[in-house]
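Trainee: Quick one: this structure, given as structure tokens, is what I'll be asking you about.
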Amino acid sequence: MPLVKLWYSPGACSLAPHMLLNEIGHDFEPIRVPIREGAHLTEDFIRLNPKKRLPVLALDGEVITELPAIALAISQLAPQLHLMGKTPLGQARVLEWLNWLSGTVHGQAYGGVWRPQRFADDEALHPAITAKGRQTVADCYAMIDAKLIGPYAVGDGPTAADAFLYVLYRWGVGIGLDMRGAYANFTRFAENLAQRPSLQRAIATEGLAPLAV
Ligand SMILES: N[C@@H](CCC(=O)N[C@@H](CS)C(=O)NCC(=O)O)C(=O)O
């Protein structure tokens, strides 16, 4: 088994691979890089990931960035758990989720909410970008809620899609959405996933509240 390190920021999308690493039960070193404190903008971190983003995974010194790629690398350490889907269709579905969650929900919608400067230098435009980001989050969450009719996003066991969805649930609470009132399926899903010891341990390590509802 390789030497595994995960660079994370508390409550960031890195919570998803953090949960997955606990799920496979393989030893790893969690390395705290709090974005709020600008810890991802140090020379050392930028050398590690010039994109200045979390999560970062290292396997025997081989650095992997981008959440879907990191999830795949973790899943390959314990293929019997099928964290990237069990059947060929299931694998396509997990990738379908991860691509949308990462590109549209995270990069586009939350990017607009939290980092409007990524979209326009003109500060006068930022409130409109933030408002559009919030609307996109709400539209995406309505779609997520309609899809999450069972305990897992794909198949009959936990996958990387579930781990990422849980993080996004917490972010919805964080930006003041009425998650419980507006998204009943998503809420049931998040509460169910939060029962997993792998997630509880990641939450405790990151120093987060158990379920921010
Ligand atoms: N496409 C990247 C996005 C990663 C990302 O944006 N991570 C956030 C934390 S959730 C980050 O590092 N933000 C710091 C910043 O934007 O300065 C991925 O999927 O891993």
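Residues are named by chain letter and number: chains run A, B, ... in the order of the structure tokens, numbers start at 1 in each chain, and ligands are numbered from 1 in the order shown.
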Give the residues close to ligand 1, within 6 Å, counting only C-alpha atoms and all ligand atoms; write them as number ranges by chain.
Mentor: A: 12-13, 53-55, 65-67, 102
Trainee: Include N, CA, C and O atoms and write out the residues we just selected as an mmCIF file, in the first residue's frame.
Mentor:
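result.cif, freshly written:
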data_model
loop_
_atom_site.group_PDB
_atom_site.id
_atom_site.type_symbol
_atom_site.label_atom_id
_atom_site.label_comp_id
_atom_site.auth_asym_id
_atom_site.auth_seq_id
_atom_site.Cartn_x
_atom_site.Cartn_y
_atom_site.Cartn_z
ATOM 1 N N ALA A 12 -14.265 22.156 3.673
ATOM 2 C CA ALA A 12 -14.172 22.390 2.222
ATOM 3 C C ALA A 12 -14.512 21.091 1.479
ATOM 4 O O ALA A 12 -14.810 20.059 2.101
ATOM 5 N N CYS A 13 -14.446 21.138 0.162
ATOM 6 C CA CYS A 13 -14.797 19.942 -0.616
ATOM 7 C C CYS A 13 -13.865 18.774 -0.293
ATOM 8 O O CYS A 13 -14.192 17.609 -0.544
ATOM 9 N N ARG A 53 -5.491 25.162 -4.775
ATOM 10 C CA ARG A 53 -6.778 24.615 -4.352
ATOM 11 C C ARG A 53 -6.595 23.339 -3.539
ATOM 12 O O ARG A 53 -5.632 22.596 -3.740
ATOM 13 N N LEU A 54 -7.595 23.093 -2.701
ATOM 14 C CA LEU A 54 -7.714 21.833 -1.979
ATOM 15 C C LEU A 54 -8.862 21.060 -2.647
ATOM 16 O O LEU A 54 -9.771 21.701 -3.190
ATOM 17 N N PRO A 55 -8.931 19.773 -2.557
ATOM 18 C CA PRO A 55 -8.007 18.858 -1.898
ATOM 19 C C PRO A 55 -6.797 18.541 -2.772
ATOM 20 O O PRO A 55 -6.813 18.718 -3.984
ATOM 21 N N THR A 65 -4.493 16.129 -7.992
ATOM 22 C CA THR A 65 -5.447 17.187 -7.679
ATOM 23 C C THR A 65 -6.744 16.903 -8.426
ATOM 24 O O THR A 65 -6.803 15.990 -9.250
ATOM 25 N N GLU A 66 -7.772 17.692 -8.137
ATOM 26 C CA GLU A 66 -9.119 17.592 -8.722
ATOM 27 C C GLU A 66 -9.893 16.453 -8.063
ATOM 28 O O GLU A 66 -9.514 15.275 -8.148
ATOM 29 N N LEU A 67 -10.975 16.853 -7.442
ATOM 30 C CA LEU A 67 -11.748 15.911 -6.624
ATOM 31 C C LEU A 67 -12.122 14.603 -7.332
ATOM 32 O O LEU A 67 -11.919 13.532 -6.764
ATOM 33 N N SER A 102 -18.848 18.984 -9.498
ATOM 34 C CA SER A 102 -17.591 19.717 -9.439
ATOM 35 C C SER A 102 -17.584 20.914 -10.404
ATOM 36 O O SER A 102 -17.190 22.020 -10.018
#
Trainee: Which residues of range 85-177 of chain A come within 12 Å of range 189-209 of chain A, and what is each one's closest atom pair and distance in Å (one decimal), counting only C-alpha atoms, sorted by chain and residue number, as CSV?
Mentor:
residue,atom,partner,partner_atom,distance
A:Ile144,CA,A:Phe189,CA,10.5
A:Asp145,CA,A:Phe189,CA,9.2
A:Ala146,CA,A:Phe189,CA,11.6
A:Lys147,CA,A:Phe189,CA,10.7
A:Leu148,CA,A:Phe189,CA,7.0
A:Ile149,CA,A:Phe189,CA,8.3
A:Gly150,CA,A:Phe189,CA,7.4
A:Pro151,CA,A:Phe189,CA,5.5
A:Tyr152,CA,A:Phe189,CA,7.2
A:Ala153,CA,A:Phe189,CA,8.7
A:Gly157,CA,A:Leu193,CA,10.5
A:Pro158,CA,A:Leu193,CA,8.3
A:Thr159,CA,A:Leu193,CA,10.8
A:Ala160,CA,A:Leu193,CA,11.8
A:Ala161,CA,A:Leu193,CA,11.5
A:Asp162,CA,A:Leu193,CA,7.7
A:Ala163,CA,A:Leu193,CA,8.2
A:Phe164,CA,A:Ala190,CA,10.6
A:Leu165,CA,A:Ala190,CA,7.9
A:Tyr166,CA,A:Ala190,CA,5.6
A:Val167,CA,A:Ala190,CA,9.0
A:Leu168,CA,A:Ala190,CA,9.6
A:Tyr169,CA,A:Ala190,CA,6.9
A:Arg170,CA,A:Ala190,CA,8.7
A:Trp171,CA,A:Ala190,CA,11.8
A:Gly172,CA,A:Ala190,CA,11.5
A:Val173,CA,A:Ala190,CA,11.5
A:Gly174,CA,A:Ala209,CA,11.7
Trainee: So which residues of range 13-187 of chain A fall under alpha helix (DSSP H) by DSSP, listed as a PyMOL selection string?
Mentor: chain A and resi 15-24+43-48+67-77+88-100+111-114+126-147+160-174+179-182+184-187
Trainee: What's around range 73-75 of chain A at 10 Å? Count only C-alpha atoms, leave out sequence neighbours fewer than 6 positions away in its own chain, and write the answer as number ranges by chain.
Mentor: A: 4, 17-18, 20-21, 23-24, 26, 57-59, 64, 67, 81-85, 159-160
Trainee: Any chance you could export the current selection's C-alpha atoms as a short mmCIF file (atom, residue, chain, number, x, y, z; two decimals), in the first residue's frame?
Mentor:
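Heads up, here's the output in part24.cif:
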data_model
loop_
_atom_site.label_atom_id
_atom_site.label_comp_id
_atom_site.auth_asym_id
_atom_site.auth_seq_id
_atom_site.Cartn_x
_atom_site.Cartn_y
_atom_site.Cartn_z
CA VAL A 4 -1.06 8.41 1.54
CA PRO A 17 -12.02 12.49 -0.06
CA HIS A 18 -11.39 12.65 3.70
CA LEU A 20 -13.53 8.18 1.41
CA LEU A 21 -10.08 7.62 2.91
CA GLU A 23 -14.10 4.47 4.36
CA ILE A 24 -11.28 2.36 2.89
CA HIS A 26 -6.09 2.61 4.96
CA LEU A 57 -3.77 13.78 -2.45
CA ALA A 58 -0.31 12.26 -2.54
CA LEU A 59 0.30 8.56 -3.13
CA ILE A 64 -3.06 14.22 -7.51
CA LEU A 67 -11.75 15.91 -6.62
CA LEU A 81 -15.70 -1.20 -2.02
CA HIS A 82 -16.75 0.14 -5.45
CA LEU A 83 -16.54 3.78 -4.31
CA MET A 84 -16.63 4.85 -7.95
CA GLY A 85 -19.60 2.60 -8.76
CA THR A 159 -19.84 6.14 -3.50
CA ALA A 160 -17.76 9.27 -4.04
#
Trainee: When you draw a straight line from CA of Pro210 in chain A to CA of Tyr141 in chain A, how long is it in Å?
Mentor: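 Value for the CA of Pro210 in chain A-CA of Tyr141 in chain A distance: 21.1 Å.
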Trainee: Do you know which residues are at most 7 Å from range 31-36 of chain A counting only C-alpha atoms, after dropping those on the same chain fewer than 4 positions away, and could you put them as a CSV table (one decimal) with N, CA and C atoms, in the first residue's frame?
Mentor:
chain,number,residue,atom,x,y,z
A,6,LEU,N,-3.4,13.5,2.7
A,6,LEU,CA,-4.5,14.3,2.1
A,6,LEU,C,-4.3,15.7,2.7
A,7,TRP,N,-4.3,16.7,1.9
A,7,TRP,CA,-4.3,18.1,2.3
A,7,TRP,C,-5.7,18.5,2.3
A,8,TYR,N,-6.2,19.1,3.4
A,8,TYR,CA,-7.6,19.5,3.4
A,8,TYR,C,-7.8,20.8,4.1
A,9,SER,N,-8.9,21.4,3.9
A,9,SER,CA,-9.3,22.6,4.7
A,9,SER,C,-10.6,22.3,5.3
A,10,PRO,N,-10.8,22.6,6.6
A,10,PRO,CA,-12.0,22.2,7.3
A,10,PRO,C,-13.3,22.6,6.6
A,40,HIS,N,-3.5,28.1,2.0
A,40,HIS,CA,-3.3,27.6,0.7
A,40,HIS,C,-2.5,28.5,-0.3
Trainee: Name the closest residue to Ile70 in chain A among the candidates A:Ile46, A:Ile175, A:Ala16, A:Leu101; distances are taken between atoms, counting only C-alpha atoms.
Mentor: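 With only C-alpha atoms as the atom set, the closest residue is A:Ala16.
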Trainee: Give me every strand (DSSP E) residue in chain A, going by DSSP on the backbone, as JSON, numbers by chain.
Mentor: {"A": [4, 5, 6, 7, 8, 29, 30, 31, 32, 56, 57, 58, 59, 62, 63, 64, 65]}
Trainee: Please save N, CA, C and O atoms of the selected residues as a PDB file, in the first residue's frame.
Mentor:
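This went into again_33.pdb:
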ATOM      1  N   VAL A   4       0.024   7.524   1.983  1.00  0.00           N
ATOM      2  CA  VAL A   4      -1.060   8.415   1.537  1.00  0.00           C
ATOM      3  C   VAL A   4      -1.107   9.672   2.405  1.00  0.00           C
ATOM      4  O   VAL A   4      -1.079   9.594   3.635  1.00  0.00           O
ATOM      5  N   LYS A   5      -1.199  10.844   1.730  1.00  0.00           N
ATOM      6  CA  LYS A   5      -1.382  12.106   2.439  1.00  0.00           C
ATOM      7  C   LYS A   5      -2.550  12.846   1.813  1.00  0.00           C
ATOM      8  O   LYS A   5      -2.708  12.817   0.584  1.00  0.00           O
ATOM      9  N   LEU A   6      -3.351  13.483   2.651  1.00  0.00           N
ATOM     10  CA  LEU A   6      -4.452  14.313   2.139  1.00  0.00           C
ATOM     11  C   LEU A   6      -4.338  15.704   2.737  1.00  0.00           C
ATOM     12  O   LEU A   6      -4.338  15.862   3.965  1.00  0.00           O
ATOM     13  N   TRP A   7      -4.255  16.699   1.876  1.00  0.00           N
ATOM     14  CA  TRP A   7      -4.267  18.087   2.307  1.00  0.00           C
ATOM     15  C   TRP A   7      -5.723  18.550   2.260  1.00  0.00           C
ATOM     16  O   TRP A   7      -6.386  18.409   1.206  1.00  0.00           O
ATOM     17  N   TYR A   8      -6.223  19.061   3.379  1.00  0.00           N
ATOM     18  CA  TYR A   8      -7.627  19.455   3.447  1.00  0.00           C
ATOM     19  C   TYR A   8      -7.772  20.797   4.147  1.00  0.00           C
ATOM     20  O   TYR A   8      -6.887  21.229   4.893  1.00  0.00           O
ATOM     21  N   GLU A  29      -2.133  10.389   6.199  1.00  0.00           N
ATOM     22  CA  GLU A  29      -1.803  11.557   7.015  1.00  0.00           C
ATOM     23  C   GLU A  29      -2.665  12.736   6.560  1.00  0.00           C
ATOM     24  O   GLU A  29      -2.525  13.208   5.429  1.00  0.00           O
ATOM     25  N   PRO A  30      -3.598  13.204   7.420  1.00  0.00           N
ATOM     26  CA  PRO A  30      -4.376  14.383   7.049  1.00  0.00           C
ATOM     27  C   PRO A  30      -3.568  15.652   7.366  1.00  0.00           C
ATOM     28  O   PRO A  30      -3.053  15.802   8.472  1.00  0.00           O
ATOM     29  N   ILE A  31      -3.454  16.533   6.401  1.00  0.00           N
ATOM     30  CA  ILE A  31      -2.671  17.763   6.603  1.00  0.00           C
ATOM     31  C   ILE A  31      -3.604  18.967   6.451  1.00  0.00           C
ATOM     32  O   ILE A  31      -4.212  19.174   5.397  1.00  0.00           O
ATOM     33  N   ARG A  32      -3.709  19.724   7.538  1.00  0.00           N
ATOM     34  CA  ARG A  32      -4.670  20.836   7.618  1.00  0.00           C
ATOM     35  C   ARG A  32      -4.118  22.080   6.922  1.00  0.00           C
ATOM     36  O   ARG A  32      -3.011  22.532   7.229  1.00  0.00           O
ATOM     37  N   VAL A  56      -5.757  18.046  -2.073  1.00  0.00           N
ATOM     38  CA  VAL A  56      -4.605  17.468  -2.758  1.00  0.00           C
ATOM     39  C   VAL A  56      -4.352  16.106  -2.099  1.00  0.00           C
ATOM     40  O   VAL A  56      -4.423  15.986  -0.868  1.00  0.00           O
ATOM     41  N   LEU A  57      -4.089  15.126  -2.949  1.00  0.00           N
ATOM     42  CA  LEU A  57      -3.774  13.785  -2.447  1.00  0.00           C
ATOM     43  C   LEU A  57      -2.371  13.442  -2.912  1.00  0.00           C
ATOM     44  O   LEU A  57      -1.992  13.787  -4.040  1.00  0.00           O
ATOM     45  N   ALA A  58      -1.602  12.787  -2.074  1.00  0.00           N
ATOM     46  CA  ALA A  58      -0.315  12.260  -2.538  1.00  0.00           C
ATOM     47  C   ALA A  58      -0.275  10.768  -2.252  1.00  0.00           C
ATOM     48  O   ALA A  58      -0.640  10.311  -1.159  1.00  0.00           O
ATOM     49  N   LEU A  59       0.116  10.015  -3.256  1.00  0.00           N
ATOM     50  CA  LEU A  59       0.305   8.560  -3.129  1.00  0.00           C
ATOM     51  C   LEU A  59       1.775   8.286  -3.389  1.00  0.00           C
ATOM     52  O   LEU A  59       2.229   8.442  -4.533  1.00  0.00           O
ATOM     53  N   GLU A  62       3.349  10.926  -5.331  1.00  0.00           N
ATOM     54  CA  GLU A  62       2.715  11.294  -6.606  1.00  0.00           C
ATOM     55  C   GLU A  62       1.506  12.174  -6.267  1.00  0.00           C
ATOM     56  O   GLU A  62       0.564  11.727  -5.605  1.00  0.00           O
ATOM     57  N   VAL A  63       1.583  13.444  -6.696  1.00  0.00           N
ATOM     58  CA  VAL A  63       0.547  14.411  -6.295  1.00  0.00           C
ATOM     59  C   VAL A  63      -0.634  14.378  -7.267  1.00  0.00           C
ATOM     60  O   VAL A  63      -0.451  14.448  -8.486  1.00  0.00           O
ATOM     61  N   ILE A  64      -1.845  14.259  -6.697  1.00  0.00           N
ATOM     62  CA  ILE A  64      -3.063  14.221  -7.514  1.00  0.00           C
ATOM     63  C   ILE A  64      -3.984  15.343  -7.044  1.00  0.00           C
ATOM     64  O   ILE A  64      -4.211  15.499  -5.833  1.00  0.00           O
ATOM     65  N   THR A  65      -4.493  16.129  -7.992  1.00  0.00           N
ATOM     66  CA  THR A  65      -5.447  17.187  -7.679  1.00  0.00           C
ATOM     67  C   THR A  65      -6.744  16.903  -8.426  1.00  0.00           C
ATOM     68  O   THR A  65      -6.803  15.990  -9.250  1.00  0.00           O
TER      69      THR A  65
END
